[in-house]
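Peer 1: One file is attached below, coords.cif, containing mmCIF, C-alpha atoms and all ligand atoms.
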```
data_data
#
loop_
_atom_site.label_atom_id
_atom_site.label_comp_id
_atom_site.auth_asym_id
_atom_site.auth_seq_id
_atom_site.Cartn_x
_atom_site.Cartn_y
_atom_site.Cartn_z
CA MET A 1 -20.44 68.29 -172.01
CA ILE A 2 -23.50 67.46 -174.08
CA ILE A 3 -26.81 68.96 -172.93
CA ARG A 4 -30.02 67.46 -174.31
CA PRO A 5 -33.39 69.23 -174.20
CA ALA A 6 -35.47 68.71 -171.05
CA LYS A 7 -39.20 68.51 -170.27
CA ASN A 8 -39.18 69.64 -166.72
CA ILE A 9 -37.17 70.57 -163.61
CA LEU A 10 -38.35 68.80 -160.45
CA GLY A 11 -36.84 68.21 -157.05
CA SER A 12 -35.62 69.36 -153.69
CA ILE A 13 -31.95 70.31 -153.47
CA ARG A 14 -29.36 72.11 -151.33
CA MET A 15 -26.53 74.22 -152.66
CA PRO A 16 -22.91 74.00 -151.59
CA GLY A 17 -21.76 76.93 -149.45
CA ASP A 18 -21.81 80.46 -150.79
CA LYS A 19 -18.55 81.42 -152.50
CA SER A 20 -18.51 85.06 -151.33
CA ILE A 21 -19.13 84.13 -147.70
CA SER A 22 -16.65 81.21 -147.75
CA HIS A 23 -13.84 83.52 -148.97
CA ARG A 24 -14.55 86.06 -146.27
CA TYR A 25 -14.88 83.57 -143.40
CA ALA A 26 -11.59 81.94 -144.42
CA MET A 27 -9.72 85.25 -144.67
CA LEU A 28 -11.04 86.63 -141.41
CA ALA A 29 -10.42 83.30 -139.65
CA ALA A 30 -6.73 83.68 -140.59
CA ILE A 31 -6.42 86.89 -138.56
CA ALA A 32 -8.78 85.91 -135.71
CA THR A 33 -7.90 84.49 -132.32
CA GLY A 34 -8.73 80.79 -132.03
CA ALA A 35 -9.95 78.07 -134.34
CA THR A 36 -12.79 78.87 -136.78
CA ARG A 37 -14.92 75.86 -137.71
CA LEU A 38 -16.99 76.08 -140.88
CA GLU A 39 -19.52 73.67 -142.34
CA ASN A 40 -20.85 73.62 -145.89
CA PHE A 41 -17.77 75.54 -147.07
CA SER A 42 -17.78 76.27 -150.82
CA THR A 43 -16.58 73.31 -152.88
CA GLY A 44 -15.37 75.56 -155.72
CA ALA A 45 -11.75 75.92 -156.82
CA ASP A 46 -11.86 79.67 -156.08
CA CYS A 47 -12.34 79.16 -152.35
CA ALA A 48 -9.70 76.41 -152.40
CA SER A 49 -7.33 79.10 -153.74
CA THR A 50 -8.16 81.26 -150.72
CA LEU A 51 -7.52 78.32 -148.35
CA ASP A 52 -4.14 77.69 -150.04
CA CYS A 53 -3.16 81.33 -149.55
CA VAL A 54 -4.22 81.21 -145.89
CA ARG A 55 -2.08 78.08 -145.45
CA GLN A 56 0.90 79.73 -147.11
CA LEU A 57 0.53 82.62 -144.69
CA GLY A 58 1.23 80.22 -141.83
CA CYS A 59 -2.27 79.21 -140.63
CA SER A 60 -3.21 75.61 -139.98
CA VAL A 61 -6.07 74.69 -142.36
CA LYS A 62 -7.82 71.32 -142.07
CA VAL A 63 -10.29 70.31 -144.75
CA ASP A 64 -12.62 67.34 -144.37
CA GLY A 65 -15.13 67.39 -147.25
CA GLN A 66 -17.13 70.58 -146.78
CA ARG A 67 -15.88 71.02 -143.18
CA VAL A 68 -12.99 73.43 -142.76
CA GLU A 69 -11.06 74.36 -139.63
CA ILE A 70 -8.70 77.34 -139.67
CA GLU A 71 -6.42 78.30 -136.80
CA GLY A 72 -5.86 82.05 -136.82
CA ARG A 73 -2.50 83.73 -136.13
CA GLU A 74 -1.70 86.89 -134.26
CA ARG A 75 0.74 87.75 -137.05
CA LEU A 76 0.64 86.19 -140.48
CA ARG A 77 3.91 84.66 -141.75
CA LYS A 78 5.71 85.84 -144.88
CA PRO A 79 4.88 83.23 -147.53
CA ALA A 80 7.78 81.24 -148.98
CA GLU A 81 6.44 81.61 -152.52
CA SER A 82 4.15 83.84 -154.56
CA LEU A 83 0.52 83.35 -153.47
CA ASP A 84 -1.46 81.55 -156.17
CA CYS A 85 -4.96 83.04 -156.49
CA GLY A 86 -5.89 80.78 -159.42
CA ASN A 87 -8.96 82.13 -161.25
CA SER A 88 -10.20 84.07 -158.24
CA GLY A 89 -10.45 87.87 -158.38
CA SER A 90 -12.05 87.82 -154.92
CA THR A 91 -8.98 86.10 -153.46
CA MET A 92 -6.52 88.51 -155.02
CA ARG A 93 -8.41 91.73 -154.29
CA MET A 94 -9.65 90.99 -150.77
CA MET A 95 -6.38 89.31 -149.68
CA SER A 96 -4.54 92.42 -150.85
CA GLY A 97 -6.38 94.35 -148.15
CA ILE A 98 -5.12 92.01 -145.42
CA LEU A 99 -1.60 91.81 -146.87
CA ALA A 100 -1.40 95.62 -147.04
CA GLY A 101 -1.43 95.65 -143.24
CA GLN A 102 1.35 93.08 -142.67
CA ASP A 103 5.03 93.49 -141.82
CA PHE A 104 6.41 91.66 -144.87
CA GLU A 105 6.57 91.79 -148.65
CA CYS A 106 4.90 89.21 -150.86
CA ASP A 107 3.65 88.47 -154.36
CA LEU A 108 0.28 87.34 -155.70
CA HIS A 109 -0.40 85.80 -159.08
CA GLY A 110 -3.25 84.11 -160.91
CA ASP A 111 -4.15 82.16 -164.04
CA GLU A 112 -4.40 83.61 -167.53
CA SER A 113 -7.89 85.04 -166.98
CA LEU A 114 -7.02 86.66 -163.63
CA SER A 115 -3.81 88.08 -165.16
CA ARG A 116 -6.00 90.17 -167.47
CA ARG A 117 -8.20 91.67 -164.76
CA PRO A 118 -7.88 95.26 -163.44
CA MET A 119 -6.31 95.74 -160.02
CA ALA A 120 -5.98 99.56 -159.87
CA ARG A 121 -9.31 99.59 -158.05
CA VAL A 122 -7.63 98.07 -154.97
CA MET A 123 -4.10 99.38 -155.58
CA VAL A 124 -5.21 103.02 -155.43
CA PRO A 125 -6.89 103.00 -151.99
CA LEU A 126 -4.36 100.60 -150.44
CA ARG A 127 -1.51 102.89 -151.56
CA MET A 128 -3.36 105.83 -150.02
CA MET A 129 -3.33 103.85 -146.77
CA GLY A 130 0.47 103.47 -146.94
CA ALA A 131 1.06 100.05 -148.50
CA GLU A 132 3.37 99.85 -151.51
CA ILE A 133 1.76 97.87 -154.33
CA THR A 134 3.10 97.35 -157.81
CA ALA A 135 1.72 95.35 -160.70
CA ALA A 136 3.67 93.66 -163.44
CA ALA A 137 1.99 95.42 -166.36
CA GLY A 138 0.02 98.59 -165.63
CA ASP A 139 -2.48 97.39 -163.09
CA ARG A 140 -2.63 93.72 -164.14
CA PRO A 141 -1.41 90.87 -161.92
CA PRO A 142 0.98 89.61 -160.68
CA LEU A 143 1.07 92.03 -157.75
CA HIS A 144 3.86 92.80 -155.33
CA ILE A 145 2.77 94.12 -151.94
CA LYS A 146 4.97 95.70 -149.29
CA GLY A 147 2.92 95.80 -146.10
CA GLY A 148 2.48 99.03 -144.17
CA ALA A 149 3.61 97.46 -140.87
CA ILE A 150 7.22 96.97 -142.03
CA ASN A 151 9.49 98.91 -139.62
CA GLY A 152 6.79 98.83 -136.95
CA GLY A 153 4.48 101.22 -138.82
CA LYS A 154 0.72 101.16 -139.26
CA LEU A 155 -1.56 101.88 -142.17
CA ARG A 156 -3.29 105.26 -142.37
CA ALA A 157 -7.06 105.31 -142.07
CA ILE A 158 -8.78 106.82 -145.10
CA ASP A 159 -12.23 108.03 -146.01
CA TYR A 160 -12.57 106.46 -149.44
CA LYS A 161 -15.12 107.34 -152.09
CA SER A 162 -14.96 104.35 -154.38
CA PRO A 163 -15.47 105.11 -158.07
CA VAL A 164 -16.64 101.53 -158.74
CA ALA A 165 -19.54 99.69 -157.13
CA SER A 166 -17.46 96.69 -156.07
CA ALA A 167 -17.82 94.63 -152.92
CA GLN A 168 -14.28 93.36 -153.43
CA VAL A 169 -12.89 96.90 -153.33
CA LYS A 170 -14.99 97.81 -150.29
CA SER A 171 -13.82 94.64 -148.55
CA ALA A 172 -10.13 95.20 -149.35
CA VAL A 173 -10.28 98.70 -147.84
CA LEU A 174 -12.22 97.56 -144.75
CA PHE A 175 -9.86 94.61 -144.16
CA ALA A 176 -6.86 96.97 -144.47
CA GLY A 177 -8.71 99.33 -142.12
CA LEU A 178 -8.37 96.72 -139.36
CA PHE A 179 -4.60 97.41 -139.47
CA ALA A 180 -4.91 101.21 -139.66
CA ASP A 181 -4.73 103.95 -137.08
CA GLY A 182 -8.17 105.52 -136.70
CA GLU A 183 -11.46 105.16 -138.57
CA THR A 184 -11.51 103.88 -142.15
CA ALA A 185 -14.63 104.55 -144.22
CA VAL A 186 -15.82 103.47 -147.67
CA ASP A 187 -18.55 105.15 -149.70
CA GLU A 188 -19.82 103.36 -152.77
CA PRO A 189 -21.85 104.61 -155.75
CA TYR A 190 -24.36 101.75 -155.43
CA ARG A 191 -24.88 99.39 -152.54
CA THR A 192 -22.93 96.16 -153.10
CA ARG A 193 -23.16 92.82 -151.31
CA ASP A 194 -22.49 93.31 -147.60
CA HIS A 195 -21.03 89.93 -146.57
CA SER A 196 -17.80 91.52 -145.37
CA GLU A 197 -19.71 93.78 -143.02
CA GLN A 198 -21.79 90.85 -141.71
CA ALA A 199 -18.74 88.60 -141.41
CA LEU A 200 -16.73 91.26 -139.59
CA ARG A 201 -19.61 91.65 -137.12
CA ALA A 202 -19.74 87.87 -136.68
CA PHE A 203 -16.01 87.85 -135.82
CA GLY A 204 -16.66 90.58 -133.21
CA VAL A 205 -15.76 93.77 -135.07
CA GLU A 206 -17.88 96.87 -134.50
CA LEU A 207 -18.71 98.90 -137.55
CA SER A 208 -21.11 101.66 -138.45
CA ARG A 209 -23.23 101.79 -141.55
CA SER A 210 -25.54 104.24 -143.20
CA ARG A 211 -26.87 103.99 -146.73
CA ASN A 212 -23.90 103.25 -149.04
CA ARG A 213 -21.27 104.06 -146.41
CA VAL A 214 -19.52 101.82 -143.91
CA SER A 215 -16.72 102.53 -141.46
CA LEU A 216 -14.68 100.75 -138.80
CA ARG A 217 -12.05 101.58 -136.22
CA GLY A 218 -8.60 100.06 -136.70
CA GLY A 219 -6.95 97.80 -134.13
CA GLN A 220 -10.06 95.74 -133.25
CA LYS A 221 -9.42 92.08 -132.48
CA LEU A 222 -11.31 89.28 -134.18
CA GLN A 223 -12.59 86.16 -132.42
CA ALA A 224 -12.96 82.78 -134.17
CA ILE A 225 -16.49 81.60 -135.05
CA GLU A 226 -18.34 78.35 -135.71
CA ALA A 227 -20.66 78.66 -138.68
CA LEU A 228 -22.71 76.87 -141.30
CA VAL A 229 -22.18 78.60 -144.64
CA PRO A 230 -25.54 79.28 -146.37
CA GLY A 231 -26.15 77.75 -149.81
CA ASP A 232 -24.86 79.82 -152.73
CA ILE A 233 -27.68 81.79 -154.38
CA SER A 234 -25.55 82.53 -157.46
CA SER A 235 -25.24 78.76 -157.98
CA ALA A 236 -28.94 78.28 -157.25
CA ALA A 237 -29.63 80.87 -159.96
CA PHE A 238 -28.96 78.28 -162.68
CA PHE A 239 -31.55 75.91 -161.22
CA LEU A 240 -34.14 78.62 -160.57
CA CYS A 241 -33.77 79.94 -164.13
CA ALA A 242 -33.94 76.39 -165.52
CA ALA A 243 -37.14 75.73 -163.54
CA ALA A 244 -38.61 79.01 -164.82
CA LEU A 245 -38.49 77.62 -168.37
CA PHE A 246 -40.91 74.67 -168.00
CA PRO A 247 -44.65 74.84 -167.15
CA GLU A 248 -44.65 71.74 -164.91
CA SER A 249 -41.52 72.65 -162.94
CA ASN A 250 -41.44 72.51 -159.17
CA LEU A 251 -38.20 73.16 -157.34
CA VAL A 252 -37.38 73.52 -153.64
CA ILE A 253 -33.99 74.81 -152.46
CA GLU A 254 -33.21 74.58 -148.74
CA ASN A 255 -30.62 76.46 -146.66
CA LEU A 256 -30.33 79.14 -149.32
CA LEU A 257 -28.59 82.47 -148.73
CA LEU A 258 -31.23 85.22 -148.86
CA ASN A 259 -29.21 88.28 -147.82
CA PRO A 260 -31.13 91.20 -149.42
CA THR A 261 -27.95 92.45 -151.14
CA ARG A 262 -27.71 89.09 -152.93
CA ALA A 263 -31.28 87.90 -153.42
CA SER A 264 -32.33 90.25 -156.24
CA LEU A 265 -32.60 87.26 -158.55
CA LEU A 266 -35.81 86.31 -156.75
CA ASP A 267 -37.18 89.81 -157.39
CA ALA A 268 -36.13 89.64 -161.04
CA LEU A 269 -37.78 86.25 -161.53
CA LYS A 270 -40.95 87.45 -159.78
CA LEU A 271 -41.02 90.55 -162.00
CA LEU A 272 -40.69 88.25 -164.98
CA GLY A 273 -43.68 86.25 -163.79
CA ALA A 274 -42.32 83.20 -161.95
CA ARG A 275 -44.06 82.10 -158.76
CA ILE A 276 -41.66 82.06 -155.82
CA SER A 277 -42.24 81.68 -152.10
CA VAL A 278 -39.83 81.75 -149.18
CA ILE A 279 -40.33 79.80 -145.94
CA ASN A 280 -38.29 78.94 -142.83
CA LEU A 281 -36.47 82.28 -142.84
CA GLU A 282 -33.65 82.34 -140.25
CA GLU A 283 -30.60 84.43 -139.45
CA HIS A 284 -27.17 82.84 -139.04
CA HIS A 285 -24.28 85.14 -138.15
CA HIS A 286 -26.30 88.08 -139.51
CA GLU A 287 -26.95 86.35 -142.85
CA LEU A 288 -30.55 85.54 -143.86
CA VAL A 289 -31.14 81.94 -144.87
CA GLY A 290 -34.34 80.18 -145.95
CA THR A 291 -36.11 77.67 -148.17
CA VAL A 292 -37.17 78.83 -151.61
CA LYS A 293 -40.02 77.22 -153.56
CA MET A 294 -40.24 77.96 -157.21
CA GLU A 295 -43.04 77.23 -159.64
CA HIS A 296 -43.48 78.21 -163.23
CA GLY A 297 -45.43 81.26 -164.29
CA SER A 298 -45.45 82.59 -167.84
CA LEU A 299 -42.41 84.82 -168.28
CA LYS A 300 -42.95 88.38 -169.52
CA GLY A 301 -40.04 90.81 -169.88
CA ILE A 302 -37.83 93.03 -167.76
CA LYS A 303 -35.28 95.84 -167.95
CA ILE A 304 -32.39 95.56 -165.50
CA GLU A 305 -30.36 98.72 -164.81
CA GLY A 306 -28.70 100.87 -162.13
CA GLY A 307 -28.43 99.33 -158.66
CA MET A 308 -30.31 96.26 -159.81
CA SER A 309 -27.54 95.46 -162.32
CA VAL A 310 -24.99 95.79 -159.50
CA SER A 311 -26.82 93.41 -157.18
CA LEU A 312 -27.49 90.92 -159.98
CA ILE A 313 -24.02 91.10 -161.49
CA ASP A 314 -23.20 87.37 -161.25
CA GLU A 315 -26.70 86.28 -162.33
CA LEU A 316 -26.91 88.47 -165.45
CA PRO A 317 -25.39 85.86 -167.81
CA VAL A 318 -28.01 83.25 -166.96
CA LEU A 319 -30.86 85.78 -167.10
CA ALA A 320 -29.66 86.87 -170.55
CA ALA A 321 -29.37 83.23 -171.61
CA ILE A 322 -33.04 82.50 -170.79
CA ALA A 323 -34.28 85.82 -172.19
CA PRO A 324 -35.24 84.43 -175.65
CA TYR A 325 -37.78 82.15 -173.91
CA THR A 326 -39.58 85.10 -172.27
CA ARG A 327 -42.42 86.92 -174.03
CA ASP A 328 -40.92 90.42 -174.20
CA GLY A 329 -37.20 89.80 -173.75
CA ILE A 330 -34.66 91.19 -171.29
CA GLU A 331 -32.62 94.38 -171.50
CA ILE A 332 -29.55 94.81 -169.31
CA ARG A 333 -27.83 98.20 -168.90
CA ASP A 334 -25.28 99.73 -166.47
CA ALA A 335 -23.42 96.44 -166.39
CA LYS A 336 -20.09 97.38 -167.98
CA GLU A 337 -18.37 95.47 -165.15
CA LEU A 338 -19.41 92.28 -166.94
CA ARG A 339 -16.67 93.02 -169.46
CA VAL A 340 -13.93 92.64 -166.83
CA LYS A 341 -15.11 89.46 -165.11
CA GLU A 342 -13.50 86.03 -165.68
CA SER A 343 -14.24 86.77 -169.37
CA ASP A 344 -15.92 89.58 -171.29
CA ARG A 345 -19.33 88.23 -170.33
CA ILE A 346 -21.30 90.65 -172.54
CA ALA A 347 -19.42 89.57 -175.67
CA LEU A 348 -19.58 85.86 -174.83
CA VAL A 349 -23.28 85.90 -173.96
CA ALA A 350 -24.05 87.67 -177.25
CA ARG A 351 -21.86 85.29 -179.26
CA ASN A 352 -23.38 82.16 -177.74
CA LEU A 353 -26.97 83.41 -178.04
CA ARG A 354 -26.30 84.05 -181.73
CA ALA A 355 -24.75 80.59 -182.09
CA MET A 356 -28.07 79.19 -180.84
CA GLY A 357 -29.96 81.24 -183.41
CA ALA A 358 -31.15 84.10 -181.18
CA GLU A 359 -31.10 87.76 -182.03
CA CYS A 360 -29.57 90.18 -179.57
CA GLU A 361 -28.12 93.64 -179.52
CA GLU A 362 -24.86 94.27 -177.69
CA TYR A 363 -24.14 97.59 -175.92
CA ASP A 364 -21.00 98.79 -174.24
CA ASP A 365 -22.72 98.37 -170.85
CA GLY A 366 -25.10 95.48 -171.48
CA LEU A 367 -27.34 93.85 -174.04
CA ARG A 368 -30.90 93.50 -175.18
CA VAL A 369 -32.23 90.06 -175.98
CA ALA A 370 -35.57 89.90 -177.76
CA GLY A 371 -38.27 87.60 -176.41
CA ASN A 372 -40.32 84.90 -178.04
CA GLN A 373 -37.44 83.31 -179.96
CA LYS A 374 -36.82 79.63 -180.69
CA LEU A 375 -33.26 78.43 -180.11
CA HIS A 376 -31.47 75.47 -181.60
CA GLY A 377 -28.72 73.42 -180.00
CA ALA A 378 -25.20 74.65 -180.78
CA GLU A 379 -21.56 74.43 -179.87
CA ILE A 380 -21.12 76.83 -176.94
CA ASP A 381 -17.83 78.59 -176.30
CA SER A 382 -17.62 79.13 -172.54
CA GLY A 383 -14.29 80.95 -172.88
CA GLY A 384 -13.23 78.96 -169.80
CA ASP A 385 -15.70 81.03 -167.74
CA HIS A 386 -17.73 78.99 -165.24
CA ARG A 387 -20.81 81.20 -165.28
CA ILE A 388 -20.98 81.22 -169.10
CA ALA A 389 -20.69 77.40 -169.22
CA MET A 390 -23.51 76.97 -166.67
CA ALA A 391 -25.74 79.75 -168.12
CA PHE A 392 -25.76 78.16 -171.56
CA SER A 393 -26.28 74.68 -170.18
CA VAL A 394 -29.55 76.10 -168.84
CA ALA A 395 -30.46 77.75 -172.17
CA ALA A 396 -29.69 74.44 -173.91
CA LEU A 397 -32.39 72.64 -171.88
CA ARG A 398 -35.13 74.31 -173.90
CA ALA A 399 -33.44 74.45 -177.28
CA GLU A 400 -34.24 72.20 -180.20
CA GLY A 401 -31.56 69.51 -180.46
CA GLU A 402 -28.53 68.98 -178.29
CA SER A 403 -25.80 71.45 -177.39
CA LYS A 404 -22.13 70.90 -176.75
CA ILE A 405 -20.61 73.05 -174.00
CA LEU A 406 -16.91 73.61 -174.62
CA GLY A 407 -14.88 74.26 -171.47
CA ALA A 408 -17.65 72.85 -169.25
CA ASP A 409 -14.98 71.80 -166.78
CA SER A 410 -14.76 75.47 -165.72
CA ALA A 411 -17.87 74.87 -163.58
CA ARG A 412 -15.42 73.56 -160.95
CA ILE A 413 -14.42 77.20 -160.26
CA SER A 414 -17.60 77.87 -158.30
CA PHE A 415 -19.78 74.75 -158.55
CA PRO A 416 -18.12 71.37 -159.29
CA GLU A 417 -21.37 69.48 -158.64
CA PHE A 418 -23.34 71.51 -161.19
CA PHE A 419 -23.76 68.99 -164.02
CA THR A 420 -24.52 66.04 -161.73
CA MET A 421 -27.08 68.04 -159.78
CA LEU A 422 -28.64 69.40 -162.97
CA GLU A 423 -29.05 65.85 -164.29
CA GLY A 424 -30.65 64.89 -160.96
CA VAL A 425 -33.51 67.42 -161.30
CA THR A 426 -34.02 67.21 -165.07
CA GLU A 427 -36.90 65.16 -166.54
CA ARG A 428 -36.64 64.19 -170.18
C1 LIG B 501 -17.87 89.39 -155.25
C2 LIG B 501 -18.20 90.62 -155.78
C3 LIG B 501 -18.51 90.82 -157.20
C4 LIG B 501 -18.86 89.51 -157.87
C5 LIG B 501 -17.88 88.41 -157.55
C6 LIG B 501 -17.82 88.17 -156.06
C7 LIG B 501 -17.56 89.30 -153.82
O1 LIG B 501 -17.38 91.38 -157.84
O2 LIG B 501 -18.96 89.68 -159.26
O3 LIG B 501 -18.24 87.21 -158.20
O4 LIG B 501 -17.54 88.18 -153.27
O5 LIG B 501 -17.35 90.35 -153.20
P1 LIG B 501 -17.03 92.95 -157.74
O6 LIG B 501 -16.70 93.29 -156.35
O7 LIG B 501 -15.85 93.12 -158.67
O8 LIG B 501 -18.24 93.67 -158.22
#
```
Is it possible to express this structure as structure tokens?
Ligand code: S3P
Peer 2:
Amino acid sequence: MIIRPAKNILGSIRMPGDKSISHRYAMLAAIATGATRLENFSTGADCASTLDCVRQLGCSVKVDGQRVEIEGRERLRKPAESLDCGNSGSTMRMMSGILAGQDFECDLHGDESLSRRPMARVMVPLRMMGAEITAAAGDRPPLHIKGGAINGGKLRAIDYKSPVASAQVKSAVLFAGLFADGETAVDEPYRTRDHSEQALRAFGVELSRSRNRVSLRGGQKLQAIEALVPGDISSAAFFLCAAALFPESNLVIENLLLNPTRASLLDALKLLGARISVINLEEHHHELVGTVKMEHGSLKGIKIEGGMSVSLIDELPVLAAIAPYTRDGIEIRDAKELRVKESDRIALVARNLRAMGAECEEYDDGLRVAGNQKLHGAEIDSGGDHRIAMAFSVAALRAEGESKILGADSARISFPEFFTMLEGVTER
């Protein structure tokens, strides 16, 4: 994909459905009573992987564009083949929680990138609950799971203090907790996105929450829902950051997910100096949704660390990619998790910034990108990682000369419409 410099970002757009919420609604629909009907379901390949798994587990799944209907089952069926999670860590980790509670054995595998990602983080607590889980090499996929309900058993409830701030881990344990005897609790070091908690409530599950702790009683039954999935704020991030780069920009995004555990990008952009307002705030199935208006403001600098790094984890690549265009630069710390995403995102961000002529310093847990730098167009190595491909397409809009994004096709993982929509709002 060739990206030419732009003058401006202008327009009013809507994002396809949020990836995190689409995964969760699809998984919970599979174990709920009745037919769940979803609109604006994520169009990304990751959520299609989840739908394929749900189908292989015996549920009827009908897809009509962005409308999805899933018929839940009282008991999931042992899949005939290994479940293919594609590129999706969310599918593998959160599904493991549900599979841990079943009365059959099954396998899960993924593509080359997913086969390199750590799974001990879910294997450890799910084993404590009584499921048998083995990985092919150490803790890397493929996984083999022997459910705790084989021989009529049940999982054991646990009180789990998670060493990593990961919503996927929290979700896997909570989903397994539905099949456990007693109260399962998860404590996390930093608060992570809470879509599983909100989705569980929407499907009729009672849970209790305080600070970074959440717990639920096993054996509760889920009821199907009808829902409109809010627009994905991590996809919107590319457009908001692009708009932040040009003085005449004016961008409106409707039906956008604004859950406080996901909307830190708006705070980060405001801290940087962008002018953002939110209108038409509503709540759908406990998720906040609204219209965001974004106008340019001169960008200063910001340091992102601690809990803020956790809640901005998927938006950090694009923030780092626009950092050279700010006055004082951006420093990111406490984000070591970026090294075990679809790629080593710290290394790839640093490499591609340097390819464009920017200076940056790489740390084990983040990077510092100086401000006030001029970039030139370059050949960008996305490493097959969707967020790297999209982040540098945004950086390329303000560079001198055109850039070539290698592996741009990876955008289909979360946002297949990205390049067409970007063209639609770009003025040259
Ligand atoms: C996600 C949680 C985050 C995030 C990922 C989606 C989720 O991962 O990076 O893109 O939907 O729960 P971790 O749970 O590994 O932090």
Peer 1: Using Å and a single decimal, report how far atom CA of Leu375 of chain A sits from atom CA of Ala358 of chain A.
Peer 2: 6.1 Å
Peer 1: Please identify every polymer residue within 8 Å of ligand LIG 501 (chain B), using all atoms listed in the file, and present the set as JSON, numbers by chain.
Peer 2: {"A": [19, 20, 21, 23, 24, 89, 90, 165, 166, 167, 168, 169, 170, 171, 192, 193, 195, 196, 310, 313, 314, 337, 341]}
Peer 1: Measure the distance from atom CA of Arg201 of chain A to atom CA of Glu105 of chain A in Å and round it to one decimal.
Peer 2: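 For atom CA of Arg201 of chain A relative to atom CA of Glu105 of chain A, the distance reads 28.6 Å.
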Peer 1: I'd like the neighbourhood of Asp232 of chain A as a PyMOL selection string, where a residue qualifies if any of its atoms comes within 8 Å (using only C-alpha atoms), though same-chain residues fewer than 6 positions away should be ignored.
Peer 2: chain A and resi 15-19+256-257
Peer 1: Would you kindly return, as a PDB file with C-alpha atoms, in the frame of the given file, each protein, DNA or RNA residue with an atom no farther than 9 Å from any atom of Glu362 of chain A, considering only C-alpha atoms and excluding same-chain residues fewer than 6 positions away?
Peer 2:
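Output saved as selection-v3.pdb:
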```
ATOM      1  CA  ILE A 346     -21.300  90.650-172.540  1.00  0.00           C
ATOM      2  CA  ALA A 347     -19.420  89.570-175.670  1.00  0.00           C
ATOM      3  CA  ALA A 350     -24.050  87.670-177.250  1.00  0.00           C
ATOM      4  CA  ARG A 368     -30.900  93.500-175.180  1.00  0.00           C
ATOM      5  CA  VAL A 369     -32.230  90.060-175.980  1.00  0.00           C
TER       6      VAL A 369
END
```
Peer 1: Find the spatial neighbours of segment 283-292 of chain A, counting all atoms listed in the file, within a cut-off of 7 Å - ignore same-chain residues fewer than 6 positions away - and output them as a list of chain:residue names.
Peer 2: A:Gln198, A:Ala202, A:Pro230, A:Val252, A:Ile253, A:Glu254, A:Asn255, A:Leu256, A:Leu257, A:Leu258, A:Asn259, A:Ile276, A:Ser277
Peer 1: Since we have the selection now, will you write its residues out, keeping C-alpha atoms, as a short mmCIF file (atom, residue, chain, number, x, y, z; two decimals), keeping the file's coordinate frame?
Peer 2:
```
data_model
loop_
_atom_site.label_atom_id
_atom_site.label_comp_id
_atom_site.auth_asym_id
_atom_site.auth_seq_id
_atom_site.Cartn_x
_atom_site.Cartn_y
_atom_site.Cartn_z
CA GLN A 198 -21.79 90.85 -141.71
CA ALA A 202 -19.74 87.87 -136.68
CA PRO A 230 -25.54 79.28 -146.37
CA VAL A 252 -37.38 73.52 -153.64
CA ILE A 253 -33.99 74.81 -152.46
CA GLU A 254 -33.21 74.58 -148.74
CA ASN A 255 -30.62 76.46 -146.66
CA LEU A 256 -30.33 79.14 -149.32
CA LEU A 257 -28.59 82.47 -148.73
CA LEU A 258 -31.23 85.22 -148.86
CA ASN A 259 -29.21 88.28 -147.82
CA ILE A 276 -41.66 82.06 -155.82
CA SER A 277 -42.24 81.68 -152.10
#
```
Peer 1: Which is closer to Ile302 of chain A than all the others in A:Pro79, A:Gly357, A:Gly371, A:Pro5, using only C-alpha atoms?
Peer 2: A:Gly371
Peer 1: Could you tell me which of A:Leu76, A:Ala274, A:Ile225, A:Ile405 comes closest to Gly384 of chain A if we count only C-alpha atoms?
Peer 2: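 Closest residue, counting only C-alpha atoms: A:Ile405.
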Peer 1: To one decimal in Å, tell me the separation between atom CA of Val124 of chain A and atom CA of Asp84 of chain A.
Peer 2: 21.8 Å
Peer 1: Find the residue from A:Ile13, A:Ile332, A:Met123, A:Ala32 that sits nearest to Asn250 of chain A; use all atoms listed in the file when measuring.
Peer 2: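 For Asn250 of chain A, the nearest of the given residues is A:Ile13.
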Peer 1: Taking all atoms listed in the file into account, which of A:Arg127, A:Arg117, A:Lys146, A:Lys161 comes nearest Phe104 of chain A?
Peer 2: A:Lys146
Peer 1: Using only C-alpha atoms, find the one residue out of A:Leu222, A:Ala176, A:Met294, A:Ala136 that sits nearest to Ala236 of chain A.
Peer 2: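 Counting only C-alpha atoms, the residue closest to Ala236 of chain A is A:Met294.
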